[in-house]
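Heads up, protein08.cif below (mmCIF, C-alpha atoms):
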```cif
data_input
loop_
_atom_site.label_atom_id
_atom_site.label_comp_id
_atom_site.auth_asym_id
_atom_site.auth_seq_id
_atom_site.Cartn_x
_atom_site.Cartn_y
_atom_site.Cartn_z
CA MET P 1 -147.72 -83.54 -21.05
CA PRO P 2 -147.82 -79.99 -19.70
CA SER P 3 -148.83 -77.11 -21.96
CA THR P 4 -146.13 -74.82 -23.27
CA VAL P 5 -147.97 -71.89 -21.75
CA SER P 6 -145.55 -69.64 -19.90
CA LYS P 7 -146.39 -68.84 -16.27
CA PRO P 8 -143.37 -67.03 -14.79
CA ASN P 9 -145.25 -66.03 -11.62
CA THR P 10 -148.76 -65.65 -10.25
CA GLU P 11 -148.92 -61.96 -11.24
CA THR P 12 -147.83 -62.37 -14.86
CA PRO P 13 -150.54 -63.45 -17.33
CA PRO P 14 -149.51 -66.50 -19.37
CA THR P 15 -148.37 -66.31 -22.97
CA VAL P 16 -148.51 -68.68 -25.93
CA THR P 17 -146.22 -69.64 -28.80
CA PRO P 18 -146.93 -68.56 -32.40
CA ALA P 19 -148.02 -72.15 -33.17
CA GLU P 20 -150.50 -72.08 -30.28
CA ALA P 21 -151.68 -68.63 -31.35
CA ALA P 22 -152.25 -69.97 -34.87
CA TRP P 23 -154.51 -72.71 -33.49
CA LEU P 24 -156.37 -70.31 -31.20
CA THR P 25 -157.04 -67.84 -34.01
CA GLU P 26 -157.41 -70.36 -36.86
CA LEU P 27 -154.74 -68.51 -38.79
CA SER P 28 -151.57 -70.01 -40.24
CA PRO P 29 -148.26 -69.83 -38.32
CA LYS P 30 -146.89 -67.98 -41.36
CA THR P 31 -149.53 -65.26 -40.92
CA ILE P 32 -148.81 -65.01 -37.19
CA ASN P 33 -145.07 -64.61 -37.71
CA ALA P 34 -145.56 -62.16 -40.58
CA THR P 35 -147.73 -59.98 -38.33
CA ILE P 36 -145.02 -60.04 -35.67
CA ASP P 37 -142.35 -59.23 -38.27
CA ARG P 38 -144.30 -56.15 -39.37
CA GLY P 39 -144.26 -54.84 -35.82
CA GLU P 40 -148.05 -54.89 -35.39
CA LEU P 41 -147.86 -56.66 -32.03
CA GLY P 42 -146.20 -54.00 -29.95
CA GLY P 43 -142.73 -54.05 -31.46
CA SER P 44 -140.73 -52.64 -34.32
CA PRO P 45 -140.65 -54.35 -37.74
CA ARG P 46 -138.23 -57.28 -37.88
CA LYS P 47 -136.19 -58.76 -40.67
CA ARG P 48 -137.11 -62.23 -41.87
CA SER P 49 -133.62 -63.40 -41.05
CA GLN P 50 -134.09 -62.65 -37.36
CA ARG P 51 -134.46 -65.71 -35.18
CA ARG P 52 -138.04 -66.52 -34.23
CA ARG P 53 -137.40 -68.75 -31.27
CA GLY P 54 -138.74 -67.57 -27.97
CA ARG P 55 -141.60 -65.51 -29.37
CA ARG P 56 -144.55 -65.34 -26.99
CA LEU P 57 -147.97 -63.73 -27.37
CA GLY P 58 -150.41 -62.59 -24.70
CA ALA P 59 -154.20 -62.44 -24.66
CA ALA P 60 -154.28 -58.97 -26.24
CA ASP P 61 -152.07 -60.18 -29.11
CA VAL P 62 -154.27 -63.21 -29.80
CA VAL P 63 -157.56 -61.28 -29.63
CA TYR P 64 -156.06 -58.63 -31.89
CA LEU P 65 -155.19 -61.29 -34.46
CA VAL P 66 -158.78 -62.59 -34.41
CA LEU P 67 -160.24 -59.10 -34.84
CA ARG P 68 -157.65 -58.16 -37.45
CA LYS P 69 -158.72 -61.13 -39.55
CA GLU P 70 -162.39 -60.18 -39.31
CA LEU P 71 -161.80 -56.48 -40.01
CA SER P 72 -158.93 -56.72 -42.50
CA GLY P 73 -160.86 -54.86 -45.20
CA VAL P 74 -162.08 -52.13 -42.86
CA LEU P 75 -159.26 -50.96 -40.62
CA SER P 76 -156.47 -48.71 -41.83
CA ALA P 77 -152.94 -49.09 -40.50
CA THR P 78 -153.60 -46.29 -38.01
CA ALA P 79 -156.86 -47.89 -36.88
CA LYS P 80 -155.11 -51.24 -36.40
CA GLN P 81 -152.50 -49.59 -34.22
CA GLU P 82 -155.19 -47.89 -32.13
CA LEU P 83 -157.09 -51.17 -31.78
CA TYR P 84 -153.99 -53.02 -30.62
CA GLU P 85 -153.02 -50.35 -28.08
CA ARG P 86 -156.52 -50.28 -26.60
CA LEU P 87 -156.66 -54.08 -26.43
CA VAL P 88 -153.38 -54.10 -24.50
CA GLN P 89 -154.95 -51.72 -21.98
CA ALA P 90 -158.26 -53.61 -21.78
CA LEU P 91 -156.77 -57.11 -21.53
CA ALA P 92 -153.64 -56.38 -19.52
CA SER P 93 -154.56 -58.90 -16.80
CA GLN P 94 -156.59 -61.35 -18.90
CA ARG P 95 -155.57 -64.98 -18.41
CA PHE P 96 -156.14 -67.60 -21.09
CA GLU P 97 -157.28 -70.15 -18.54
CA SER P 98 -160.16 -67.95 -17.31
CA GLN P 99 -163.44 -69.80 -17.65
CA SER P 100 -165.26 -66.90 -19.27
CA ALA P 101 -164.73 -63.40 -20.56
CA ASN P 102 -165.34 -60.54 -18.19
CA GLU P 103 -168.95 -59.52 -18.78
CA ARG P 104 -168.06 -55.95 -17.91
CA ARG P 105 -165.47 -55.86 -20.67
CA ALA P 106 -166.48 -52.96 -22.90
CA ASP P 107 -166.37 -53.16 -26.66
CA ILE P 108 -164.04 -50.75 -28.41
CA GLU P 109 -165.07 -47.95 -30.73
CA ILE P 110 -162.57 -47.01 -33.44
CA LYS P 111 -162.98 -43.80 -35.43
CA LEU P 112 -162.69 -44.21 -39.19
CA ALA P 113 -162.77 -41.69 -42.02
CA GLY P 114 -166.37 -42.68 -42.78
CA GLY P 115 -167.59 -42.86 -39.19
CA VAL P 116 -167.14 -45.08 -36.14
CA ILE P 117 -166.90 -48.89 -35.92
CA ARG P 118 -167.71 -50.86 -32.78
CA VAL P 119 -165.32 -53.77 -32.24
CA GLU P 120 -166.86 -56.64 -30.25
CA VAL P 121 -164.03 -57.55 -27.89
CA LYS P 122 -166.08 -59.84 -25.63
CA THR P 123 -167.17 -62.05 -28.53
CA ALA P 124 -163.63 -62.48 -29.83
CA LEU P 125 -162.30 -63.11 -26.32
CA ARG P 126 -164.89 -65.80 -25.64
CA ARG P 127 -163.90 -67.60 -28.85
CA VAL P 128 -160.23 -67.52 -27.89
CA LEU P 129 -160.91 -68.76 -24.35
CA LYS P 130 -163.10 -71.60 -25.62
CA ARG P 131 -160.37 -72.81 -27.96
CA TRP P 132 -157.80 -72.39 -25.18
CA GLN P 133 -159.78 -74.75 -22.98
CA ALA P 134 -159.71 -77.31 -25.81
CA LEU P 135 -155.95 -76.84 -26.05
CA GLU P 136 -155.60 -77.45 -22.33
CA ARG P 137 -157.55 -80.70 -22.71
CA ALA P 138 -155.17 -81.72 -25.49
CA ALA P 139 -152.22 -81.27 -23.14
CA ASP P 140 -153.84 -83.76 -20.75
CA VAL P 141 -154.50 -86.32 -23.48
CA VAL P 142 -150.92 -86.47 -24.78
CA VAL P 143 -148.05 -87.99 -22.79
CA SER P 144 -144.35 -88.48 -23.39
CA ASP P 145 -142.66 -91.37 -21.57
CA PRO P 146 -139.09 -92.52 -22.28
CA ASP P 147 -140.30 -96.11 -21.89
CA ILE P 148 -142.98 -95.71 -24.61
CA ARG P 149 -141.63 -95.37 -28.14
CA GLY P 150 -138.52 -93.62 -26.85
CA GLY P 151 -140.43 -90.66 -25.46
CA GLU P 152 -142.33 -89.87 -28.62
CA PRO P 153 -145.64 -88.10 -27.80
CA VAL P 154 -148.46 -90.64 -27.72
CA ILE P 155 -152.13 -90.57 -26.83
CA ARG P 156 -152.60 -91.33 -23.14
CA GLY P 157 -153.39 -94.99 -22.44
CA THR P 158 -152.15 -96.12 -25.85
CA ARG P 159 -148.96 -96.48 -27.85
CA ILE P 160 -150.45 -94.48 -30.73
CA PRO P 161 -148.13 -91.63 -31.75
CA VAL P 162 -149.78 -88.22 -32.00
CA TYR P 163 -148.05 -87.45 -35.27
CA LEU P 164 -149.31 -90.70 -36.76
CA VAL P 165 -152.92 -89.55 -36.62
CA ALA P 166 -151.87 -86.10 -37.85
CA ASP P 167 -150.17 -87.75 -40.84
CA LEU P 168 -153.26 -89.81 -41.57
CA VAL P 169 -155.43 -86.70 -41.63
CA SER P 170 -152.98 -84.80 -43.83
CA GLN P 171 -153.10 -87.70 -46.30
CA GLY P 172 -156.88 -87.54 -46.56
CA ALA P 173 -158.17 -89.92 -43.89
CA ASP P 174 -161.31 -88.75 -42.12
CA ALA P 175 -162.16 -89.16 -38.46
CA ARG P 176 -164.45 -92.13 -39.06
CA GLU P 177 -161.72 -94.11 -40.82
CA ILE P 178 -159.17 -93.38 -38.11
CA LEU P 179 -161.55 -94.34 -35.32
CA GLU P 180 -162.34 -97.61 -37.11
CA ASP P 181 -158.64 -98.42 -37.46
CA TYR P 182 -157.87 -97.43 -33.86
CA PRO P 183 -160.91 -98.37 -31.74
CA SER P 184 -159.11 -97.39 -28.53
CA LEU P 185 -159.50 -93.77 -29.61
CA SER P 186 -162.60 -91.64 -29.14
CA ALA P 187 -163.66 -88.67 -31.24
CA SER P 188 -162.66 -86.40 -28.37
CA THR P 189 -159.16 -87.84 -27.95
CA LEU P 190 -158.66 -87.70 -31.72
CA ARG P 191 -159.52 -84.00 -31.77
CA SER P 192 -157.17 -83.38 -28.87
CA ALA P 193 -154.35 -85.29 -30.56
CA LEU P 194 -154.75 -83.23 -33.72
CA ALA P 195 -154.78 -80.00 -31.71
CA TYR P 196 -151.57 -81.06 -29.97
CA ALA P 197 -149.88 -81.94 -33.26
CA GLN P 198 -150.77 -78.57 -34.76
CA THR P 199 -149.49 -76.60 -31.78
CA HIS P 200 -146.34 -78.70 -31.32
CA PRO P 201 -145.03 -79.17 -34.88
CA ARG P 202 -142.27 -81.75 -35.08
CA ARG P 203 -138.96 -80.86 -36.59
CA GLY P 204 -137.83 -82.19 -39.92
CA ARG P 205 -139.82 -83.42 -42.89
CA PRO P 206 -143.00 -85.42 -42.29
CA ARG P 207 -142.96 -89.09 -43.17
CA LYS P 208 -144.29 -89.95 -46.64
CA ALA P 209 -146.29 -92.87 -45.32
CA PRO P 210 -147.62 -93.23 -41.78
CA TRP P 211 -146.71 -96.35 -39.86
CA ARG P 212 -149.05 -98.74 -38.11
CA VAL P 213 -148.83 -99.43 -34.40
#
```

Would you write the structure of this file as structure tokens?
Amino acid sequence: MPSTVSKPNTETPPTVTPAEAAWLTELSPKTINATIDRGELGGSPRKRSQRRRGRRLGAADVVYLVLRKELSGVLSATAKQELYERLVQALASQRFESQSANERRADIEIKLAGGVIRVEVKTALRRVLKRWQALERAADVVVSDPDIRGGEPVIRGTRIPVYLVADLVSQGADAREILEDYPSLSASTLRSALAYAQTHPRRGRPRKAPWRV
């Protein structure tokens, strides 16, 4: 199954959904959308009632979210705005699928009332790119075929629904138990399935009890 990454043309860096950004930053989708609603990511504040479909975030947005989490008790609102604007300039052409962060990428210095803080952009960018590569692997592991369970996303080479293993984990099962119950899975494919489920949340309420295949 292809990733939901948006690639309009070869000159436009790809973007990600809020759910993908949540996985990349290890923040909750609620936190991601709240940050967007406040206008921190290059826009004006938005009302909660506004539709959230179609929201996309670029590399600068995602790296900002990582740094914002780490520096939440340090940066003022003005400093956050400066950090975001400088990240947009520094990462304007950064692509998620790049194998490594640009070694020449300079860290950013932000002036605070008590002095100056150096923000390690390269470190945050490397973390994001590493998790992006894992997300790309997840897209290769999951398939959707109309002839298999009506097109429900399943793990490649099996009839095991992706959301089944996600349900098992949410109900307290650990990786060892799942791998014992489904020997056709490996630890790697299990991790990829869980990453896919988190970045492609299904609509409606989750099932109370997972089914067996």

Exercise. Would you mind telling me which residue in P:Gln171, P:Ala60, P:Gln81, P:Thr15 lies nearest to Gly39 (chain P) when using all atoms listed in the file?
Key: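 Going through P:Gln171, P:Ala60, P:Gln81, P:Thr15 one by one, the smallest distance to Gly39 (chain P) is for P:Gln81.
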
Quiz item: If you count all atoms listed in the file, which residues fall within 12 Å of Pro161 (chain P), apart from same-chain ones fewer than 3 positions away, as a PyMOL selection string?
Solution: chain P and resi 141-145+148-158+164-168+182+185+190+193-194+196-197+202+210-213

Generate a file of the selected residues that holds C-alpha atoms, formatted as an mmCIF file, in the coordinates of the input.
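Result file is again-v7.cif:
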```cif
data_model
loop_
_atom_site.group_PDB
_atom_site.id
_atom_site.type_symbol
_atom_site.label_atom_id
_atom_site.label_comp_id
_atom_site.auth_asym_id
_atom_site.auth_seq_id
_atom_site.Cartn_x
_atom_site.Cartn_y
_atom_site.Cartn_z
ATOM 1 C CA VAL P 141 -154.500 -86.320 -23.480
ATOM 2 C CA VAL P 142 -150.920 -86.470 -24.780
ATOM 3 C CA VAL P 143 -148.050 -87.990 -22.790
ATOM 4 C CA SER P 144 -144.350 -88.480 -23.390
ATOM 5 C CA ASP P 145 -142.660 -91.370 -21.570
ATOM 6 C CA ILE P 148 -142.980 -95.710 -24.610
ATOM 7 C CA ARG P 149 -141.630 -95.370 -28.140
ATOM 8 C CA GLY P 150 -138.520 -93.620 -26.850
ATOM 9 C CA GLY P 151 -140.430 -90.660 -25.460
ATOM 10 C CA GLU P 152 -142.330 -89.870 -28.620
ATOM 11 C CA PRO P 153 -145.640 -88.100 -27.800
ATOM 12 C CA VAL P 154 -148.460 -90.640 -27.720
ATOM 13 C CA ILE P 155 -152.130 -90.570 -26.830
ATOM 14 C CA ARG P 156 -152.600 -91.330 -23.140
ATOM 15 C CA GLY P 157 -153.390 -94.990 -22.440
ATOM 16 C CA THR P 158 -152.150 -96.120 -25.850
ATOM 17 C CA LEU P 164 -149.310 -90.700 -36.760
ATOM 18 C CA VAL P 165 -152.920 -89.550 -36.620
ATOM 19 C CA ALA P 166 -151.870 -86.100 -37.850
ATOM 20 C CA ASP P 167 -150.170 -87.750 -40.840
ATOM 21 C CA LEU P 168 -153.260 -89.810 -41.570
ATOM 22 C CA TYR P 182 -157.870 -97.430 -33.860
ATOM 23 C CA LEU P 185 -159.500 -93.770 -29.610
ATOM 24 C CA LEU P 190 -158.660 -87.700 -31.720
ATOM 25 C CA ALA P 193 -154.350 -85.290 -30.560
ATOM 26 C CA LEU P 194 -154.750 -83.230 -33.720
ATOM 27 C CA TYR P 196 -151.570 -81.060 -29.970
ATOM 28 C CA ALA P 197 -149.880 -81.940 -33.260
ATOM 29 C CA ARG P 202 -142.270 -81.750 -35.080
ATOM 30 C CA PRO P 210 -147.620 -93.230 -41.780
ATOM 31 C CA TRP P 211 -146.710 -96.350 -39.860
ATOM 32 C CA ARG P 212 -149.050 -98.740 -38.110
ATOM 33 C CA VAL P 213 -148.830 -99.430 -34.400
#
```

Self-check item: P:Ile117, P:Leu65, P:Leu87, P:Ala19 ranked by distance to Ala195 (chain P), top pick (using all atoms listed in the file)
Solution: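 Between P:Ile117, P:Leu65, P:Leu87, P:Ala19, the residue approaching Ala195 (chain P) most closely is P:Ala19.
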
For Arg118 (chain P), please output as a short mmCIF file (atom, residue, chain, number, x, y, z; two decimals) with C-alpha atoms, in the frame of the given file all residues within 8 Å (counting only C-alpha atoms; exclusion window: fewer than 6 positions along the same chain).
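Below is the file that was written, result_32.cif:
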```cif
data_model
loop_
_atom_site.label_atom_id
_atom_site.label_comp_id
_atom_site.auth_asym_id
_atom_site.auth_seq_id
_atom_site.Cartn_x
_atom_site.Cartn_y
_atom_site.Cartn_z
CA ASP P 107 -166.37 -53.16 -26.66
CA ILE P 108 -164.04 -50.75 -28.41
CA GLU P 109 -165.07 -47.95 -30.73
CA ILE P 110 -162.57 -47.01 -33.44
#
```

Self-check item: Leu24 (chain P) surroundings by all atoms listed in the file, 7 Å radius, close-in-sequence under 3 positions cut, as a ChimeraX atom specification
Solution: /P:20-21,128,131-132
